>>> print(open('run-v6.tsv').read())   # TSV, C-alpha atoms and all ligand atoms
chain	number	residue	atom	x	y	z
A	30	MET	CA	-7.76	17.18	-91.07
A	31	PHE	CA	-9.24	14.09	-89.42
A	32	VAL	CA	-10.45	12.79	-92.78
A	33	THR	CA	-6.97	13.16	-94.25
A	34	ALA	CA	-5.40	11.36	-91.31
A	35	LEU	CA	-7.94	8.57	-91.61
A	36	ALA	CA	-7.36	8.26	-95.35
A	37	ASP	CA	-3.60	8.08	-94.75
A	38	LEU	CA	-4.18	5.30	-92.27
A	39	LEU	CA	-6.46	3.32	-94.55
A	40	PHE	CA	-4.60	4.02	-97.78
A	41	PRO	CA	-1.00	4.81	-96.89
A	42	LYS	CA	0.76	6.90	-99.49
A	43	ARG	CA	3.23	5.02	-101.61
A	44	CYS	CA	5.78	6.46	-103.98
A	45	LEU	CA	4.63	5.86	-107.56
A	46	GLY	CA	8.26	5.74	-108.62
A	47	CYS	CA	9.81	3.25	-106.20
A	48	GLY	CA	6.94	1.93	-104.09
A	49	ARG	CA	8.34	3.22	-100.80
A	50	PHE	CA	5.70	4.24	-98.23
A	51	GLY	CA	5.30	7.84	-97.10
A	52	ASP	CA	4.66	9.94	-100.20
A	53	TYR	CA	3.30	9.74	-103.76
A	54	PHE	CA	6.61	10.89	-105.18
A	55	CYS	CA	9.47	10.53	-102.72
A	56	LYS	CA	12.38	12.96	-102.47
A	57	SER	CA	14.91	10.44	-103.68
A	58	CYS	CA	12.85	9.72	-106.83
A	59	GLN	CA	12.36	13.46	-107.38
A	60	ARG	CA	16.12	13.92	-107.35
A	61	LYS	CA	16.39	11.44	-110.22
A	62	ILE	CA	14.39	13.68	-112.57
A	63	LYS	CA	16.68	14.80	-115.38
A	64	LYS	CA	16.55	18.13	-117.13
A	65	VAL	CA	16.80	17.95	-120.90
A	66	GLY	CA	20.23	18.87	-122.26
A	67	PHE	CA	18.85	21.37	-124.78
A	68	GLN	CA	15.52	22.69	-126.03
A	69	ILE	CA	14.17	21.51	-129.35
A	70	CYS	CA	12.22	22.91	-132.26
A	71	PRO	CA	8.86	21.08	-132.19
A	72	ILE	CA	8.94	20.54	-135.96
A	73	CYS	CA	12.39	19.08	-136.71
A	74	GLU	CA	13.21	18.19	-133.07
A	75	ARG	CA	16.77	19.54	-133.43
A	76	ALA	CA	18.24	21.96	-130.91
A	77	ALA	CA	16.57	25.37	-130.89
A	78	ILE	CA	17.05	28.41	-128.68
A	79	SER	CA	14.40	28.44	-125.92
A	80	GLY	CA	12.35	25.88	-127.86
A	81	ALA	CA	11.21	28.33	-130.53
A	82	THR	CA	10.40	26.81	-133.93
A	83	HIS	CA	13.23	27.46	-136.43
A	84	PRO	CA	12.24	30.10	-139.00
A	85	LYS	CA	12.90	27.57	-141.77
A	86	CYS	CA	10.65	24.97	-140.09
A	87	ARG	CA	7.71	27.32	-139.80
A	88	SER	CA	4.49	26.89	-141.77
A	89	PRO	CA	1.14	28.70	-141.40
A	90	LEU	CA	-0.44	26.09	-139.10
A	91	SER	CA	2.65	24.94	-137.21
A	92	LEU	CA	3.54	25.35	-133.55
A	93	ASP	CA	5.64	28.39	-132.68
A	94	GLY	CA	7.53	26.66	-129.91
A	95	LEU	CA	7.72	23.97	-127.28
A	96	ILE	CA	8.39	24.09	-123.55
A	97	ALA	CA	9.50	20.62	-122.39
A	98	PRO	CA	11.99	20.88	-119.51
A	99	TYR	CA	12.42	17.27	-118.35
A	100	VAL	CA	13.44	13.91	-119.74
A	101	TYR	CA	10.59	11.43	-120.03
A	102	ASN	CA	12.14	8.47	-118.27
A	103	SER	CA	12.02	6.61	-115.00
A	104	PRO	CA	10.81	7.52	-112.36
A	105	LEU	CA	9.02	10.60	-113.79
A	106	LYS	CA	7.54	8.37	-116.51
A	107	GLU	CA	5.87	6.04	-114.00
A	108	VAL	CA	4.59	8.93	-111.92
A	109	ILE	CA	3.05	10.68	-114.94
A	110	ALA	CA	1.52	7.39	-116.12
A	111	ALA	CA	-0.03	6.74	-112.72
A	112	PHE	CA	-1.33	10.32	-112.60
A	113	LYS	CA	-3.16	9.80	-115.91
A	114	TYR	CA	-5.38	7.12	-114.45
A	115	LYS	CA	-5.74	8.11	-110.84
A	116	TYR	CA	-6.28	11.70	-109.82
A	117	ILE	CA	-4.20	12.73	-106.83
A	118	GLU	CA	-4.40	16.44	-106.10
A	119	GLN	CA	-1.09	16.62	-104.29
A	120	LEU	CA	0.61	15.02	-107.26
A	121	SER	CA	-0.90	17.39	-109.79
A	122	THR	CA	0.43	20.32	-107.76
A	123	LEU	CA	3.84	18.73	-107.44
A	124	LEU	CA	4.11	17.99	-111.18
A	125	THR	CA	2.88	21.45	-112.12
A	126	ASP	CA	5.39	23.05	-109.73
A	127	LEU	CA	8.14	21.09	-111.45
A	128	LEU	CA	7.11	22.60	-114.77
A	129	LEU	CA	6.73	26.10	-113.31
A	130	SER	CA	10.11	26.03	-111.60
A	131	SER	CA	11.97	25.03	-114.77
A	132	GLU	CA	14.27	27.60	-116.32
A	133	GLN	CA	12.48	27.40	-119.66
A	134	PHE	CA	9.09	28.08	-118.14
A	135	LYS	CA	10.36	30.88	-115.93
A	136	THR	CA	11.89	32.74	-118.86
A	137	PHE	CA	8.86	32.36	-121.13
A	138	SER	CA	6.97	35.57	-121.64
A	139	PHE	CA	3.28	34.85	-121.05
A	140	ALA	CA	1.71	38.24	-121.55
A	141	ASP	CA	-1.72	37.70	-123.11
A	142	PHE	CA	-1.34	33.96	-123.53
A	143	ILE	CA	-4.46	31.86	-122.97
A	144	LEU	CA	-3.94	28.41	-121.48
A	145	VAL	CA	-5.71	25.61	-123.30
A	146	PRO	CA	-5.43	22.01	-122.10
A	147	ILE	CA	-5.33	19.23	-124.68
A	148	PRO	CA	-8.80	17.75	-124.25
A	149	LEU	CA	-9.79	14.14	-123.89
A	150	HIS	CA	-12.86	12.88	-125.66
A	151	LYS	CA	-15.86	13.11	-123.33
A	152	TRP	CA	-16.23	9.35	-123.35
A	153	ARG	CA	-12.69	8.81	-122.14
A	154	GLU	CA	-12.90	11.69	-119.68
A	155	ASN	CA	-16.03	10.17	-118.15
A	156	LYS	CA	-14.30	6.86	-117.84
A	157	ARG	CA	-11.34	8.39	-116.03
A	158	GLY	CA	-13.26	11.11	-114.29
A	159	PHE	CA	-10.73	13.82	-115.08
A	160	ASN	CA	-8.27	15.11	-117.65
A	161	GLN	CA	-4.71	15.45	-116.36
A	162	ALA	CA	-3.87	18.23	-118.87
A	163	GLU	CA	-6.83	20.20	-117.58
A	164	LYS	CA	-5.64	19.82	-113.99
A	165	ILE	CA	-2.15	21.04	-114.86
A	166	ALA	CA	-3.51	23.98	-116.89
A	167	ALA	CA	-5.83	25.00	-114.05
A	168	ILE	CA	-2.97	25.13	-111.54
A	169	ILE	CA	-0.73	27.11	-113.91
A	170	ALA	CA	-3.59	29.53	-114.57
A	171	LYS	CA	-4.14	30.07	-110.87
A	172	LYS	CA	-0.48	30.47	-109.95
A	173	LYS	CA	0.46	32.63	-112.94
A	174	LYS	CA	-2.84	34.55	-113.03
A	175	LEU	CA	-3.50	33.58	-116.62
A	176	ARG	CA	-6.74	32.88	-118.40
A	177	GLU	CA	-7.63	29.26	-118.97
A	178	GLU	CA	-10.17	28.25	-121.58
A	179	ASP	CA	-11.40	24.92	-122.73
A	180	PHE	CA	-12.68	26.01	-126.11
A	181	LEU	CA	-10.92	23.14	-127.80
A	182	SER	CA	-13.06	20.05	-128.02
A	183	LYS	CA	-12.14	16.55	-129.03
A	184	VAL	CA	-14.87	15.50	-131.40
A	185	LYS	CA	-13.45	12.19	-132.54
A	186	ASN	CA	-12.90	9.46	-129.99
A	187	THR	CA	-9.53	8.25	-131.16
A	188	PRO	CA	-7.77	5.13	-129.86
A	189	PRO	CA	-4.95	5.96	-127.44
A	190	GLN	CA	-1.95	7.20	-129.42
A	191	VAL	CA	0.42	4.83	-127.63
A	192	GLN	CA	-1.20	1.88	-129.35
A	193	LEU	CA	-0.34	3.25	-132.79
A	194	LYS	CA	2.80	3.94	-134.79
A	195	GLY	CA	3.90	6.90	-136.96
A	196	LYS	CA	1.52	7.36	-139.91
A	197	ALA	CA	-1.36	5.61	-138.17
A	198	ARG	CA	-1.01	8.09	-135.29
A	199	LYS	CA	-1.26	11.02	-137.66
A	200	LYS	CA	-4.31	9.59	-139.40
A	201	ASN	CA	-5.88	8.75	-136.07
A	202	ILE	CA	-6.11	12.34	-134.89
A	203	LEU	CA	-6.64	14.37	-138.07
A	204	GLY	CA	-9.85	16.29	-137.60
A	205	ALA	CA	-10.05	15.19	-134.00
A	206	PHE	CA	-10.33	18.72	-132.60
A	207	LYS	CA	-12.90	21.40	-133.00
A	208	VAL	CA	-12.68	24.98	-131.76
A	209	LEU	CA	-15.92	25.73	-129.92
A	210	ASP	CA	-15.67	29.47	-129.57
A	211	ARG	CA	-13.83	31.04	-132.49
A	212	LYS	CA	-14.36	34.58	-131.21
A	213	LYS	CA	-12.08	33.88	-128.25
A	214	VAL	CA	-9.34	32.49	-130.47
A	215	VAL	CA	-9.13	35.03	-133.28
A	216	GLY	CA	-5.99	37.11	-132.98
A	217	GLY	CA	-4.98	35.41	-129.74
A	218	SER	CA	-1.91	33.64	-128.38
A	219	VAL	CA	-2.40	30.17	-126.95
A	220	LEU	CA	-0.28	27.97	-124.71
A	221	LEU	CA	-1.39	24.37	-125.19
A	222	VAL	CA	-0.88	22.27	-122.07
A	223	ASP	CA	-0.33	18.51	-121.92
A	224	ASP	CA	1.66	16.11	-119.77
A	225	VAL	CA	4.21	14.71	-122.21
A	226	TRP	CA	5.57	15.15	-125.72
A	227	THR	CA	6.14	11.86	-127.52
A	228	THR	CA	5.59	12.25	-131.27
A	229	GLY	CA	3.83	15.54	-130.73
A	230	SER	CA	1.16	14.56	-133.27
A	231	THR	CA	-1.83	15.26	-131.01
A	232	ILE	CA	-0.48	18.66	-129.97
A	233	LYS	CA	0.32	19.57	-133.59
A	234	VAL	CA	-3.19	18.75	-134.77
A	235	ALA	CA	-4.69	20.74	-131.89
A	236	CYS	CA	-2.40	23.64	-132.83
A	237	ALA	CA	-3.51	23.48	-136.48
A	238	ALA	CA	-7.17	23.58	-135.39
A	239	LEU	CA	-6.50	26.69	-133.28
A	240	LYS	CA	-4.58	28.44	-136.05
A	241	ARG	CA	-7.26	27.62	-138.58
A	242	ALA	CA	-9.69	29.27	-136.18
A	243	GLY	CA	-7.55	32.42	-136.13
A	244	ALA	CA	-4.95	32.03	-133.37
A	245	ILE	CA	-1.86	34.07	-134.16
A	246	GLN	CA	0.62	32.27	-131.95
A	247	VAL	CA	0.53	28.77	-130.44
A	248	TRP	CA	3.13	27.31	-128.07
A	249	ALA	CA	2.94	24.02	-126.23
A	250	ALA	CA	4.03	23.29	-122.66
A	251	VAL	CA	4.57	19.75	-121.37
A	252	LEU	CA	6.43	18.34	-118.40
A	253	ALA	CA	8.69	15.99	-120.25
A	254	ARG	CA	9.79	14.62	-123.60
A	301	ZN	ZN	10.34	6.93	-104.75
A	302	ZN	ZN	13.29	23.04	-136.74
>>> encode(input="run-v6.tsv", output="structure tokens")
Amino acid sequence: MFVTALADLLFPKRCLGCGRFGDYFCKSCQRKIKKVGFQICPICERAAISGATHPKCRSPLSLDGLIAPYVYNSPLKEVIAAFKYKYIEQLSTLLTDLLLSSEQFKTFSFADFILVPIPLHKWRENKRGFNQAEKIAAIIAKKKKLREEDFLSKVKNTPPQVQLKGKARKKNILGAFKVLDRKKVVGGSVLLVDDVWTTGSTIKVACAALKRAGAIQVWAAVLAR
């Protein structure tokens, strides 16, 4: 308790959205978070009921659906970006609670799903000291009493996707993931966890690796798109 009070005194909390002192994500910024107008199919990105992949968009290695309840814009965008580079426990709980309290997440049927965070390459993880997707997945696992596994490994250290465009992004991550323990994947259902959905290319490649290893069903859950 004393340590926390001292830390607050030395490093006062500041809202990562607006800069106001008092909290990492102030109430007024939280109120600005927008829910998406409709759920999309992760393949064609057109409207789809509950985010399930359209039957006509399906292919053997494709995602089966996407949970992405919020719009990726200011101030949520700044808060997520800050969270990527600086680990703040309170913030990871807050962001995960946002995801958990969304209608789409609440209505998703999780029975037998294994949570798998999108991994960072070890080199990048060491540099940052943590993986934000792993933090989110761990909190979901604890609160929803689900199994979390990190049997997906990033074997290629790819440049950050944000620095690349379209085709280069796709090329950048092909073969980037390896499934470490195939026995745990065969016949299973996986919920891939990451912070945001931009082009979805990283998540799609991770999904393909899991399906090649024998996963029957793979959904992805992110905070925003
Ligand atoms: Zn604020
Ligand atoms: Zn579609």
>>> residues_near_ligand(input="run-v6.tsv", ligand="ligand ZN 301 (chain A)", cutoff="9 Å", atoms="all atoms listed in the file", output="list of chain:residue names")
A:Arg43, A:Cys44, A:Leu45, A:Gly46, A:Cys47, A:Gly48, A:Arg49, A:Phe50, A:Asp52, A:Tyr53, A:Phe54, A:Cys55, A:Lys56, A:Ser57, A:Cys58, A:Gln59, A:Pro104
>>> closest_residue(input="run-v6.tsv", among="A:Ile147, A:Val219, A:Ala162, A:Ala77", to="ligand ZN 302 (chain A)", atoms="all atoms listed in the file")
A:Ala77
>>> residues_near_ligand(input="run-v6.tsv", ligand="ligand ZN 302 (chain A)", cutoff="8 Å", atoms="all atoms listed in the file", output="PDB file with C-alpha atoms, in the coordinates of the input")
ATOM      1  CA  ILE A  69      14.170  21.510-129.350  1.00  0.00           C
ATOM      2  CA  CYS A  70      12.220  22.910-132.260  1.00  0.00           C
ATOM      3  CA  PRO A  71       8.860  21.080-132.190  1.00  0.00           C
ATOM      4  CA  ILE A  72       8.940  20.540-135.960  1.00  0.00           C
ATOM      5  CA  CYS A  73      12.390  19.080-136.710  1.00  0.00           C
ATOM      6  CA  GLU A  74      13.210  18.190-133.070  1.00  0.00           C
ATOM      7  CA  ARG A  75      16.770  19.540-133.430  1.00  0.00           C
ATOM      8  CA  ALA A  76      18.240  21.960-130.910  1.00  0.00           C
ATOM      9  CA  ALA A  77      16.570  25.370-130.890  1.00  0.00           C
ATOM     10  CA  THR A  82      10.400  26.810-133.930  1.00  0.00           C
ATOM     11  CA  HIS A  83      13.230  27.460-136.430  1.00  0.00           C
ATOM     12  CA  PRO A  84      12.240  30.100-139.000  1.00  0.00           C
ATOM     13  CA  LYS A  85      12.900  27.570-141.770  1.00  0.00           C
ATOM     14  CA  CYS A  86      10.650  24.970-140.090  1.00  0.00           C
ATOM     15  CA  ARG A  87       7.710  27.320-139.800  1.00  0.00           C
TER      16      ARG A  87
END
>>> closest_residue(input="run-v6.tsv", among="A:Leu95, A:Val208, A:Leu129, A:Ile117", to="A:Lys173", atoms="all atoms listed in the file")
A:Leu129
>>> closest_residue(input="run-v6.tsv", among="A:Ala244, A:Leu181, A:Ala235, A:Ile165", to="A:Asp223", atoms="all atoms listed in the file")
A:Ile165
>>> closest_residue(input="run-v6.tsv", among="A:Leu144, A:Ala167, A:Leu124, A:Leu239", to="A:Arg211", atoms="all atoms listed in the file")
A:Leu239
